[in-house]
Amino acid sequence: MLEDLRRAQDQIVVREKLAALGQLTAGVAHEIRNPLNFVKNFSESSAELLQELGETFEEVGDGLSEDHRGLIGEITTDLNDNLERIRSHGERADRIVQDMLMMGRDSGEWQSFDINRLLDEHARLAYHSARASDPDFQLDLQQELDPDIGEITVIPQDLGRVFLNMVGNACDATDEKRRTLAESPDGAAGYSPTVRLSTKRLDDGVEVRIYDNGHGVPQEIIDQIFNPFFTTKPTNRGTGLGLAISSDIVRTHGGTIRVESEPGEFTEMIVTLPLAPPEEVASEPSAASEAVPG
């Protein structure tokens, strides 16, 4: 019986992992469009500039005037700028695809990573995933990221799962409130669905806050939301494992999660992480690696 129970639990965890992969894939499809458009547009612009440069050389031959030299210099500068943009956005697209691939693998290695970048990229994936599943989805995604937060030692793909899950929950909460208000006599007038991301450097670590002005969490269940299989969502939209796994991942990193909420008004998830995990934690496999089979 224990073996059957363990097998059933593993199947549910795999289902949650596949659901997260589907969510991430939908977000990638939208998020990757912007950098790829940059690649396309600047590539075309560079081709036109190269053609103009060739025509200029054909006209003047070996006797280049100062004006022509200046023009060639300007074109060369523009080309360099365009190629730099192509490189930058190409790397961004590569990071997004890499995040998608890593979501389907076991946990990676501890490494120094920019938390602001990790939070921003996974928040955008969650946002675009919500838009992909609901054409009427609306959200004001705000950021107040500490520019001096620096890098800390984490397992990026594990912590990325945490941010993806929490921002995804925040998106669901604001959208559910919008739909509920739209069905009321007064409608949703005056309500602006908002998710605010903020980071802050602490003396011995960092703090990440994910705030939404959704329906909030009742105080009587706020202590249960990190329990495995506990969920307030319909059965076809969640298994109740997202926050449980997130809690394990943060604990593996030597950090903590706390929740502040006012029913009907807001919810704020507050994650604190040390600059480096405790030595006894860093030497062990991550929680996500143990919880999610490969």
# chains A, B, ... in the order shown; residues from 1 in each chain; ligands from 1

call {"tool": "closest_atom_pairs", "arguments": {"of": "stretch 46-143 of chain A", "to": "stretch 168-177 of chain A", "cutoff": "9 Å", "atoms": "only C-alpha atoms", "output": "CSV"}}
result
residue,atom,partner,partner_atom,distance
A:Ala123,CA,A:Gly168,CA,7.8
A:Leu125,CA,A:Gly168,CA,8.9
A:Ala126,CA,A:Gly168,CA,5.1
A:Tyr127,CA,A:Cys171,CA,6.9
A:Ser129,CA,A:Gly168,CA,8.2
A:Ala130,CA,A:Cys171,CA,6.9
A:Asp136,CA,A:Asp175,CA,9.0
A:Phe137,CA,A:Asp175,CA,6.4
A:Gln138,CA,A:Asp175,CA,7.2
A:Leu139,CA,A:Cys171,CA,7.6

call {"tool": "write_last_selection", "arguments": {"atoms": "N, CA and C atoms", "output": "PDB file, in the first residue's frame"}}
result
ATOM      1  N   ALA A 123       8.730  36.258 -14.373  1.00  0.00           N
ATOM      2  CA  ALA A 123       7.486  37.020 -14.237  1.00  0.00           C
ATOM      3  C   ALA A 123       6.882  37.292 -15.608  1.00  0.00           C
ATOM      4  N   LEU A 125       7.308  35.479 -18.290  1.00  0.00           N
ATOM      5  CA  LEU A 125       6.795  34.213 -18.809  1.00  0.00           C
ATOM      6  C   LEU A 125       5.420  33.904 -18.221  1.00  0.00           C
ATOM      7  N   ALA A 126       5.261  34.132 -16.912  1.00  0.00           N
ATOM      8  CA  ALA A 126       3.967  33.894 -16.269  1.00  0.00           C
ATOM      9  C   ALA A 126       2.907  34.832 -16.836  1.00  0.00           C
ATOM     10  N   TYR A 127       3.286  36.084 -17.060  1.00  0.00           N
ATOM     11  CA  TYR A 127       2.359  37.080 -17.603  1.00  0.00           C
ATOM     12  C   TYR A 127       1.879  36.682 -18.995  1.00  0.00           C
ATOM     13  N   SER A 129       1.961  33.754 -20.342  1.00  0.00           N
ATOM     14  CA  SER A 129       1.209  32.508 -20.261  1.00  0.00           C
ATOM     15  C   SER A 129      -0.249  32.794 -19.921  1.00  0.00           C
ATOM     16  N   ALA A 130      -0.470  33.729 -18.982  1.00  0.00           N
ATOM     17  CA  ALA A 130      -1.838  34.098 -18.604  1.00  0.00           C
ATOM     18  C   ALA A 130      -2.566  34.735 -19.784  1.00  0.00           C
ATOM     19  N   ASP A 136      -8.828  37.990 -22.714  1.00  0.00           N
ATOM     20  CA  ASP A 136      -9.327  39.166 -22.001  1.00  0.00           C
ATOM     21  C   ASP A 136      -8.477  39.525 -20.787  1.00  0.00           C
ATOM     22  N   PHE A 137      -7.414  38.778 -20.576  1.00  0.00           N
ATOM     23  CA  PHE A 137      -6.562  39.013 -19.405  1.00  0.00           C
ATOM     24  C   PHE A 137      -5.957  40.407 -19.456  1.00  0.00           C
ATOM     25  N   GLN A 138      -6.009  41.106 -18.333  1.00  0.00           N
ATOM     26  CA  GLN A 138      -5.443  42.443 -18.213  1.00  0.00           C
ATOM     27  C   GLN A 138      -4.570  42.501 -16.969  1.00  0.00           C
ATOM     28  N   LEU A 139      -3.458  43.230 -17.054  1.00  0.00           N
ATOM     29  CA  LEU A 139      -2.580  43.322 -15.890  1.00  0.00           C
ATOM     30  C   LEU A 139      -1.617  44.494 -16.027  1.00  0.00           C
TER      31      LEU A 139
END

call {"tool": "residues_around", "arguments": {"residues": "stretch 264-280 of chain A", "least_positions_apart": "6", "cutoff": "7 Å", "atoms": "only C-alpha atoms", "output": "PyMOL selection string"}}
result
chain A and resi 152-153+204-217+253-258

call {"tool": "write_last_selection", "arguments": {"atoms": "C-alpha atoms", "output": "mmCIF file, in the first residue's frame"}}
result
data_model
loop_
_atom_site.group_PDB
_atom_site.id
_atom_site.type_symbol
_atom_site.label_atom_id
_atom_site.label_comp_id
_atom_site.auth_asym_id
_atom_site.auth_seq_id
_atom_site.Cartn_x
_atom_site.Cartn_y
_atom_site.Cartn_z
ATOM 1 C CA ILE A 152 23.589 35.503 -4.781
ATOM 2 C CA THR A 153 24.273 31.777 -4.850
ATOM 3 C CA ASP A 204 22.760 39.217 5.125
ATOM 4 C CA GLY A 205 20.641 38.400 2.082
ATOM 5 C CA VAL A 206 17.909 39.602 -0.248
ATOM 6 C CA GLU A 207 14.162 40.067 -0.042
ATOM 7 C CA VAL A 208 11.759 39.457 -2.931
ATOM 8 C CA ARG A 209 8.147 40.640 -2.715
ATOM 9 C CA ILE A 210 5.361 39.634 -5.113
ATOM 10 C CA TYR A 211 2.221 41.699 -4.512
ATOM 11 C CA ASP A 212 -1.163 41.430 -6.195
ATOM 12 C CA ASN A 213 -4.419 43.280 -5.623
ATOM 13 C CA GLY A 214 -6.524 40.179 -6.172
ATOM 14 C CA HIS A 215 -9.095 38.596 -3.886
ATOM 15 C CA GLY A 216 -6.638 37.910 -1.047
ATOM 16 C CA VAL A 217 -6.323 34.841 1.174
ATOM 17 C CA HIS A 253 18.153 27.639 -0.302
ATOM 18 C CA GLY A 254 18.206 28.471 3.414
ATOM 19 C CA GLY A 255 15.423 31.025 2.991
ATOM 20 C CA THR A 256 11.880 31.612 4.192
ATOM 21 C CA ILE A 257 8.467 32.509 2.756
ATOM 22 C CA ARG A 258 5.810 34.474 4.569
#

call {"tool": "residues_around", "arguments": {"residues": "A:Leu79", "least_positions_apart": "6", "cutoff": "12 Å", "atoms": "only C-alpha atoms", "output": "JSON, numbers by chain"}}
result
{"A": [42, 43, 44, 45, 46, 47, 48, 49, 50, 51, 52, 53, 72, 73, 85, 86]}

call {"tool": "closest_residue", "arguments": {"among": "A:Gln157, A:Glu262, A:Gln111, A:Ala20", "to": "A:Gly242", "atoms": "only C-alpha atoms"}}
result
A:Ala20

call {"tool": "select_by_dssp", "arguments": {"residues": "stretch 41-172 of chain A", "states": "alpha helix (DSSP H)", "output": "PyMOL selection string"}}
result
chain A and resi 41-60+66-103+115-133+156-172

call {"tool": "residues_around", "arguments": {"residues": "stretch 113-115 of chain A", "least_positions_apart": "2", "cutoff": "10 Å", "atoms": "only C-alpha atoms", "output": "VMD selection string"}}
result
chain A and resid 110 to 111 117 to 121 145 to 146 149 to 156 159 to 160 199 206 to 208

call {"tool": "select_by_dssp", "arguments": {"residues": "stretch 44-201 of chain A", "states": "strand (DSSP E)", "output": "list in words"}}
result
Gln111, Ser112, Phe113, Asp114, Asp140, Leu141, Gln142, Gln143, Glu144, Glu151, Ile152, Thr153, Val154, Thr194, Val195, Arg196, Leu197, Ser198, Thr199, Lys200 and Arg201 of chain A

call {"tool": "atom_distance", "arguments": {"atom1": "atom CA of A:Lys200", "atom2": "atom CA of A:Ile222"}}
result
24.4 Å
